[in-house]
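Presented below is the structure to which this report refers.
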Protein chains: 2
Amino acid sequence: MAVDRNELRWNGWGKPGDQAHIGDRENLVEAWLKESLNLPALSRTPSVAAEDVALPNARLGPSLQSSLDDILGPGHVTGAAMPRLRRALGQSYHDILRLRAGSLPSAPDFIVAPGNADDVAAILDFCDTEGIAVVPGGGGTSVVGGVTAKAGPAHAGVVSLDMSRMNRVISIVPEDRVARIEAGAYGPDLEAALAARGFTLGHFPQSFEFSTLGGWIMHRGSGQLSARYGRAERWFISGRLAAPGTQWASESFPGSAGGPRMGDLIAGSEGTLGVLTDATVRITPRPESRDYRGFLFRSFEEGAAAVRDLAQSGIPIAMARLSDVAETRFYQSFGGLGKQPPNLATRLGMAYVRTRGYLDHPAALILGVEGGAKQVAQSVREARDLLSQWGALHIGRGPGRNWWQGRFHGPYLRDPLLDWGLGVDTLETSAHWSNLTHLYTAVGAAIRQALAEVTPAGTTPAILCHISHIYPDGASLYFTFIFPRDLEDPVRQWWHVKKAATDAIVAHGGTISHHHGVGEDHRPWIEVEKDGAALAMLRAAKRTLDPAGILNPGKLLPD
Amino acid sequence: MAVDRNELRWNGWGKPGDQAHIGDRENLVEAWLKESLNLPALSRTPSVAAEDVALPNARLGPSLQSSLDDILGPGHVTGAAMPRLRRALGQSYHDILRLRAGSLPSAPDFIVAPGNADDVAAILDFCDTEGIAVVPGGGGTSVVGGVTAKAGPAHAGVVSLDMSRMNRVISIVPEDRVARIEAGAYGPDLEAALAARGFTLGHFPQSFEFSTLGGWIMHRGSGQLSARYGRAERWFISGRLAAPGTQWASESFPGSAGGPRMGDLIAGSEGTLGVLTDATVRITPRPESRDYRGFLFRSFEEGAAAVRDLAQSGIPIAMARLSDVAETRFYQSFGGLGKQPPNLATRLGMAYVRTRGYLDHPAALILGVEGGAKQVAQSVREARDLLSQWGALHIGRGPGRNWWQGRFHGPYLRDPLLDWGLGVDTLETSAHWSNLTHLYTAVGAAIRQALAEVTPAGTTPAILCHISHIYPDGASLYFTFIFPRDLEDPVRQWWHVKKAATDAIVAHGGTISHHHGVGEDHRPWIEVEKDGAALAMLRAAKRTLDPAGILNPGKLLPD
């Protein structure tokens with residue numbers, strides 16, 4: 001059962017009225033915000049109503065709709081207002097600002113829902129001939145402007161593909177540990193289908209409830225348990241891509257020296273090279289056992305050294321998520337929002353923890369291990385030994401349980417913050433270990449400085465960070481920052497901080513994105529990220545598959 | 001200390017006179033061959049002498065050499081006969097046939113040895129202007145015609161790059177577990193430099209003694225211990241590629257969603273997109289412990305099911321090499337050539353082994369595990385448990401030791417076989433597990449049938465096969481076949497079998513190469529291997545980096 005987008009908020013996360021993740025602790029959150037941000041009071045700044053949004057006029061007319069109907073059969077093309085609104089933008093802070101203000105830069109002329117790869121191919125051929133831009137859409141949860149439904153100046157109009165009808169699990173081959181799944185399958189649906197056969201894909205991004213297989217692959221995403229199941233480009237074996245005039249099945253061998261694996265260009269191409277119609281992915285037996293637990297370090301740097309050692313140890317873990325001091329204190333205050341606060345004091349005796357120096361600059365680690373019961377027990381033992389050698393204090397399963405229960409809840413917090421006159425954005429990067437704390441410091445300072453320039457004097461933004469994806473050679477950094485919103489020009493404020501942070505990232509050796517993608521928002525930096533020859537080859541690939549340039553214009557590649 | 005090619009055979013493997021790997025057992029080998037191949041006698045068919053080889057005339061003259069000298073400084077350019085002969089071809093059976101016959105299709109006009117990336121760039125710029133083909137050369141051990149020094153019809157001539165001066169380990173960063181190494185570094189040299197810092201790259205192809213980092217990456221190779229250290233494209237993090245008018249540093253982040261990783265196009269590009277000048281690679285602490293041992297299965301199919309289970313179990317092994325019945329019997333006869341025969345009878349009591357059915361259709365497995373001592377012991381225990389559930393008979397460390405000692409010796413056997421009027425070739429592929437035994441049967445049958453068509457009636461070729469690289473989703477197959485050589489037209493005979501085998505591979509879902517590469521020999525099938533869109537993008541990448549088409553013409557891409 002695919003997610004019904006009509007049941008979701010058009011201007012925020014989840015379903016309307018779903019306050020379950022703050023629940024009855026609204027007062028607590030409000031008090032924390034006022035105190036932490038040093039605000040006398042929180043504003044009340046509701047969104048406009050959907051009916052008050054001025055949708056840009058459609059450029060494609062009814063005869064065009066008839067042609068699309070002829071391709072797909074009746075009932076799969078719409079130009080109605082609400083679907084156009086719902087497919088106009090994604091889920092970035094920038095997107096939500098514009099939705100809540102009712103000020104859209106663009107909207108799709110039609111939303112078109114293909115039923116299979118041949119439908120996609122036929123639509124692309126038609127749009128190629130007609131000069132119509134095509135924006136592929138899965139769950140639409142991009143936070144980098146990856147699904148903005150806009151045409152380029154030369155296009156006749158723009159259609160948005162709603163891939164949600166293409167949600168079948170085509171085949172599961174237990175012997176090969178692979179499944180072939182249509183690109184429009186939502187996370188919960190594909191996991192349910194795999195679970196029925198005893199398997200999991202293991203890809204659990206924070207957007208898991210509302211995002212699709214195709215989106216995960218095409219923006220080169222990473223699930224929370226990437227240490228066990230791998231980033232999208234790791235579990236992605238091969239795919240079928242439809243582009244104007246072609247349907248391409250990429251290489252699908254367990255190992256091959258038959259030239260460069262051209263299928264590697266699919267992950268991260270963000271719909272600019274073609275539309276992914278299905279993918280063959282690596283699957284794993286569902287874990288027999290799970291063990292998630294917490295540790296405290298005396299500093300973020302100490303914790304970072306420990307998780308580096310863990311990443312390089314070969315101990316098979318599923319996740320290591322290390323919060324910096326600010327984020328640790330945030331979680332100490334709320335305990336995963338909507339769950340029981342972990343109440344460290346009760347658990348361990350605050351005096352003991354404090355005496356040992358764990359509360360001066362605390363950095364909390366959530367360690368996750370999954371797999372066979374025996375292997376999990378052993379890996380946890382080995383990991384605990386390793387971490388304790390780095391000074392970690394084991395604080396039990398409570399924090400692990402809180403994290404697990406709240407692992408998809410972060411995005412739900414944004415809407416109430418926006419209602420209170422605040423802004424909240426996230427950004428992420430990665431770097432080699434030898435550069436990681438340097439990058440952490442530089443990016444944090446850039447965000448702080450930029451926010452100081454665009455928020456009222458005397459207020460103090462909350463800037464939180466964690467390491468959540470670890471590799472032998474480096475790790476990711478994920479920043480969240482909460483600040484008083486500029487109610488007059490919040491977009492200008494957003495961009496001021498975004499630009500400063502991303503400039504700092506590229507100046508200090510980080511990637512412009514670890515798992516969010518490029519979209520529109522990181523596009524100004526793609527020429528710094530990709531050396532000239534790389535960008536030239538990517539452009540050449542684009543010209544090869546999409547010579548008329550109809551595919552997701554304005555994303556990934558500079559004009 | 002780089003390998004000195006002048007000390008190596010110009011027409012075979014290793015150093016002249018190096019018979020150590022057959023040693024005093026020449027009579028035993030000869031007897032086995034006569035009996036196995038059903039030959040009344042072996043011929044005596046020596047190679048021509050080097051001085052009797054007719055080298056093709058050079059097309060580039062002395063003024064060209066002066067220009068190249070000006071770029072590199074004196075002493076790094078030669079057009080002398082022996083270097084030209086040594087850089088004319090690689091080490092395929094086809095190559096050696098032509099070398100031993102003294103019949104070369106082409107030879108480089110000059111051999112040019114750059115000292116650094118700027119030298120390479122300058123040479124490429126010069127050759128681009130002059131329309132001279134450039135063939136990058138590392139150790140020159142390609143077995144697929146990947147280094148044939150030939151010009152295309154439009155080129156003024158051809159130079160071969162001798163990369164062996166570029167053999168520095170530029171940096172080792174223990175904290176990141178990475179090293180940056182120049183592309184011309186030979187295996188033993190780079191391993192020695194890493195070992196001095198406590199690390200290993202862990203890439204040990206059979207050619208290890210005589211092949212280079214750049215070659216390993218550029219043909220997308222795989223070392224014998226790939227289950228632990230990964231294929232070349234797995235440990236290859238980033239590289240610098242020189243192409244005419246450009247030097248490109250590919251992306252180097254631990255994880256990134258900053259668009260497709262264009263550096264993925266380097267591995268497997270075989271010098272057609274540019275010349276790799278250095279690479280940043282993942283390194284691992286040298287293993288504290290190694291455990292290599294043997295097992296017997298009652299059939300190849302039973303063994304294949306067991307190694308599939310092993311590959312999917314998550315038990316961290318370094319290698320699982322499963323021989324089919326013919327190869328198992330071959331090793332039983334020779335015990336790793338030049339070493340003690342394993343003498344199973346003595347070790348276990350032949351009667352016992354036979355009674356339990358292990359000698360009717362025996363399939364031998366060598367299992368290798370490396371790493372920390374404790375982890376190795378435990379992994380071996382777990383692997384033994386798993387294998388015994390599939391009916392494996394543990395036959396101890398002797399076969400493991402034999403394999404280890406002889407692991408680079410296979411190629412040394414070819415020269416005596418050629419001296420005896422025989423032919424020997426190898427080829428390899430990979431497929432998903434669900435298709436593997438089907439592919440094994442089909443390719444074996446195709447080789448047998450093709451050989452029957454081009455060898456004397458009544459003779460019986462030896463066709464051996466093993467699985468040597470295992471993945472969760474599939475495995476490689478490696479065939480070796482020994483047969484009476486057609487002394488009149490051995491090249492025609494070779495191609496007849498090669499074509500039949502490769503046709504069978506692609507018809508039955510295998511890749512044209514698991515780790516040898518494409519070169520000239522697999523080029524006729526690249527259009528079957530790569531779907532049209534993939535090939536079009538690869539051509540577009542080529543045009544972008546090498547618009548004049550000077551880089552390694554005739555390899556990888558169809559004309």
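Naming scheme: A, B, ... for chains in displayed order of the structure tokens; residues 1 onward per chain; ligands 1 onward as shown.
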Could I get the residues of stretch 96-141 of chain A with an atom no further than 12 Å from an atom of stretch 181-189 of chain A, each paired with its nearest atom pair and that distance in Å to one decimal, using only C-alpha atoms, sorted by chain and residue number, as a tab-separated table?
```
residue	atom	partner	partner_atom	distance
A:Ala113	CA	A:Gly184	CA	10.3
A:Pro114	CA	A:Gly184	CA	10.0
A:Gly115	CA	A:Gly184	CA	9.9
A:Asn116	CA	A:Glu182	CA	8.5
A:Ala117	CA	A:Glu182	CA	9.0
A:Val120	CA	A:Ala183	CA	11.5
A:Pro136	CA	A:Gly184	CA	10.1
A:Gly137	CA	A:Gly184	CA	8.5
A:Gly138	CA	A:Gly184	CA	5.7
A:Gly139	CA	A:Tyr186	CA	7.3
A:Gly140	CA	A:Gly184	CA	10.9
A:Thr141	CA	A:Tyr186	CA	11.6
```
Against chain A, which residues of chain B fall within 6 Å? For each one I want the closest pair of atoms and the distance in Å (one decimal), counting only C-alpha atoms, rows by chain and increasing residue number, as a tab-separated table.
```
residue	atom	partner	partner_atom	distance
B:Asp176	CA	A:Asp473	CA	4.5
B:Arg177	CA	A:Asp473	CA	5.8
B:Arg220	CA	A:Ala257	CA	5.0
B:Trp248	CA	A:Ala533	CA	5.9
B:Phe253	CA	A:Ala431	CA	5.7
B:Pro254	CA	A:Gly474	CA	5.3
B:Gly255	CA	A:His514	CA	5.8
B:Ser256	CA	A:His514	CA	4.2
B:Ala257	CA	A:Gly517	CA	4.7
B:Gly258	CA	A:Ser513	CA	5.4
B:Gly259	CA	A:Gly268	CA	4.3
B:Pro260	CA	A:Gly268	CA	4.4
B:Met262	CA	A:Ala534	CA	5.7
B:Leu265	CA	A:Pro260	CA	5.2
B:Ala267	CA	A:Pro260	CA	5.8
B:Gly268	CA	A:Gly259	CA	4.3
B:Ser269	CA	A:Pro260	CA	5.7
B:Ala431	CA	A:Phe253	CA	5.7
B:Trp433	CA	A:Asp176	CA	5.5
B:Asp473	CA	A:Asp176	CA	4.4
B:Gly474	CA	A:Pro254	CA	5.2
B:Ser513	CA	A:Ala257	CA	5.2
B:His514	CA	A:Ser256	CA	4.2
B:His515	CA	A:Ala257	CA	4.8
B:Gly517	CA	A:Ala257	CA	4.7
B:Val518	CA	A:Gly258	CA	5.6
B:Ala533	CA	A:Trp248	CA	5.9
B:Ala534	CA	A:Met262	CA	5.7
B:Met537	CA	A:Ala541	CA	5.1
B:Ala540	CA	A:Ala540	CA	5.7
B:Ala541	CA	A:Met537	CA	5.1
```
>> I'd like the contact shell of B:Arg298 - 10 Å cut-off, only C-alpha atoms, skipping same-chain residues fewer than 3 positions apart - returned as number ranges by chain.
In response: B: 301-303, 325, 356-364, 390-393
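Within stretch 108-189 of chain A, residues classed as strand (DSSP E or B) by DSSP on backbone coordinates are A:Phe110, A:Ile111, A:Val112, A:Ile132, A:Ala133, A:Val134, A:Val135, A:Pro136, A:Gly137, A:Gly157, A:Val158, A:Val159, A:Ser160, A:Leu161, A:Asp162, A:Val169, A:Ile170, A:Ser171, A:Ile172, A:Val173, A:Val178, A:Ala179, A:Arg180, A:Ile181, A:Glu182, A:Tyr186.
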>> Using DSSP assignments from the backbone, pull out every residue in stretch 122-336 of chain A that falls under alpha helix (DSSP H) and give it to me as a VMD selection string.
In response: chain A and resid 122 to 130 187 to 195 213 to 218 226 to 229 232 to 235 300 to 313 325 to 334
For the selection you just gave me, I'd like the residues written to a file as a PDB file, in the first residue's frame, keeping C-alpha atoms.
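This went into selection.pdb:
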```pdb
ATOM      1  CA  ALA A 122       6.628   6.832 -24.007  1.00  0.00           C
ATOM      2  CA  ILE A 123       6.182   9.941 -21.870  1.00  0.00           C
ATOM      3  CA  LEU A 124       9.850  10.829 -22.248  1.00  0.00           C
ATOM      4  CA  ASP A 125       9.695  10.378 -26.003  1.00  0.00           C
ATOM      5  CA  PHE A 126       6.617  12.568 -26.170  1.00  0.00           C
ATOM      6  CA  CYS A 127       8.066  15.288 -23.949  1.00  0.00           C
ATOM      7  CA  ASP A 128      11.348  15.153 -25.846  1.00  0.00           C
ATOM      8  CA  THR A 129       9.491  15.836 -29.072  1.00  0.00           C
ATOM      9  CA  GLU A 130       7.374  18.586 -27.501  1.00  0.00           C
ATOM     10  CA  GLY A 187      10.238   2.319   2.066  1.00  0.00           C
ATOM     11  CA  PRO A 188       7.651   0.639   4.303  1.00  0.00           C
ATOM     12  CA  ASP A 189       6.084  -1.195   1.352  1.00  0.00           C
ATOM     13  CA  LEU A 190       9.269  -2.629  -0.031  1.00  0.00           C
ATOM     14  CA  GLU A 191      10.488  -3.598   3.430  1.00  0.00           C
ATOM     15  CA  ALA A 192       7.185  -5.376   4.088  1.00  0.00           C
ATOM     16  CA  ALA A 193       7.455  -7.308   0.834  1.00  0.00           C
ATOM     17  CA  LEU A 194      11.050  -8.280   1.589  1.00  0.00           C
ATOM     18  CA  ALA A 195      10.209  -9.150   5.203  1.00  0.00           C
ATOM     19  CA  LEU A 213      13.697   3.330  -3.698  1.00  0.00           C
ATOM     20  CA  GLY A 214      14.253   5.427  -6.810  1.00  0.00           C
ATOM     21  CA  GLY A 215      14.832   8.568  -4.786  1.00  0.00           C
ATOM     22  CA  TRP A 216      17.287   6.823  -2.495  1.00  0.00           C
ATOM     23  CA  ILE A 217      19.394   5.625  -5.404  1.00  0.00           C
ATOM     24  CA  MET A 218      19.128   8.670  -7.620  1.00  0.00           C
ATOM     25  CA  SER A 226      24.797   2.273   6.474  1.00  0.00           C
ATOM     26  CA  ALA A 227      27.628   0.685   8.438  1.00  0.00           C
ATOM     27  CA  ARG A 228      25.863  -2.652   8.006  1.00  0.00           C
ATOM     28  CA  TYR A 229      23.800  -2.345   4.838  1.00  0.00           C
ATOM     29  CA  ALA A 232      22.625   3.361  -1.778  1.00  0.00           C
ATOM     30  CA  GLU A 233      25.396   3.033  -4.344  1.00  0.00           C
ATOM     31  CA  ARG A 234      26.716   0.004  -2.428  1.00  0.00           C
ATOM     32  CA  TRP A 235      23.508  -2.029  -2.318  1.00  0.00           C
ATOM     33  CA  PHE A 300      33.451  15.094  21.029  1.00  0.00           C
ATOM     34  CA  GLU A 301      37.069  14.747  19.941  1.00  0.00           C
ATOM     35  CA  GLU A 302      37.593  11.740  22.190  1.00  0.00           C
ATOM     36  CA  GLY A 303      34.401  10.213  20.859  1.00  0.00           C
ATOM     37  CA  ALA A 304      35.479  10.870  17.273  1.00  0.00           C
ATOM     38  CA  ALA A 305      38.765   9.076  17.845  1.00  0.00           C
ATOM     39  CA  ALA A 306      36.848   6.147  19.312  1.00  0.00           C
ATOM     40  CA  VAL A 307      34.416   5.818  16.409  1.00  0.00           C
ATOM     41  CA  ARG A 308      37.337   6.044  13.989  1.00  0.00           C
ATOM     42  CA  ASP A 309      38.931   3.119  15.750  1.00  0.00           C
ATOM     43  CA  LEU A 310      35.586   1.306  15.637  1.00  0.00           C
ATOM     44  CA  ALA A 311      35.167   1.963  11.904  1.00  0.00           C
ATOM     45  CA  GLN A 312      38.633   0.592  11.231  1.00  0.00           C
ATOM     46  CA  SER A 313      38.390  -2.356  13.598  1.00  0.00           C
ATOM     47  CA  VAL A 325      28.212  18.573  23.166  1.00  0.00           C
ATOM     48  CA  ALA A 326      25.366  20.814  22.013  1.00  0.00           C
ATOM     49  CA  GLU A 327      23.419  17.932  20.487  1.00  0.00           C
ATOM     50  CA  THR A 328      24.075  15.712  23.492  1.00  0.00           C
ATOM     51  CA  ARG A 329      22.652  18.387  25.780  1.00  0.00           C
ATOM     52  CA  PHE A 330      19.672  18.755  23.438  1.00  0.00           C
ATOM     53  CA  TYR A 331      18.943  15.030  23.699  1.00  0.00           C
ATOM     54  CA  GLN A 332      19.535  15.086  27.432  1.00  0.00           C
ATOM     55  CA  SER A 333      16.774  17.685  27.619  1.00  0.00           C
ATOM     56  CA  PHE A 334      14.249  15.843  25.495  1.00  0.00           C
TER      57      PHE A 334
END
```
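Atom CA of A:Phe236 to atom CA of A:Thr280 spans 6.4 Å [interatomic distance, one decimal].
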Neighbouring residues of B:Ala279 were defined as those with any atom within 6 Å, considering only C-alpha atoms; residues of the same chain fewer than 6 positions away were excluded. Please report them as a compact mmCIF listing (two decimals) with N, CA, C and O atoms, in the first residue's frame.
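Listing of selection_1.txt after writing:
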```txt
# COMPACT_ATOMS: atom_id res chain seq x y z
N ARG B 180 48.88 7.19 -0.81
CA ARG B 180 48.89 7.73 -2.18
C ARG B 180 50.17 7.24 -2.83
O ARG B 180 51.27 7.46 -2.30
N ILE B 181 50.03 6.57 -3.95
CA ILE B 181 51.15 5.85 -4.55
C ILE B 181 51.17 6.13 -6.05
O ILE B 181 50.11 6.15 -6.70
N SER B 238 40.71 7.24 -5.09
CA SER B 238 40.72 8.32 -6.07
C SER B 238 42.04 8.29 -6.82
O SER B 238 43.00 7.66 -6.38
N GLY B 239 42.07 8.98 -7.95
CA GLY B 239 43.28 8.96 -8.75
C GLY B 239 43.48 10.25 -9.51
O GLY B 239 42.57 11.08 -9.60
```
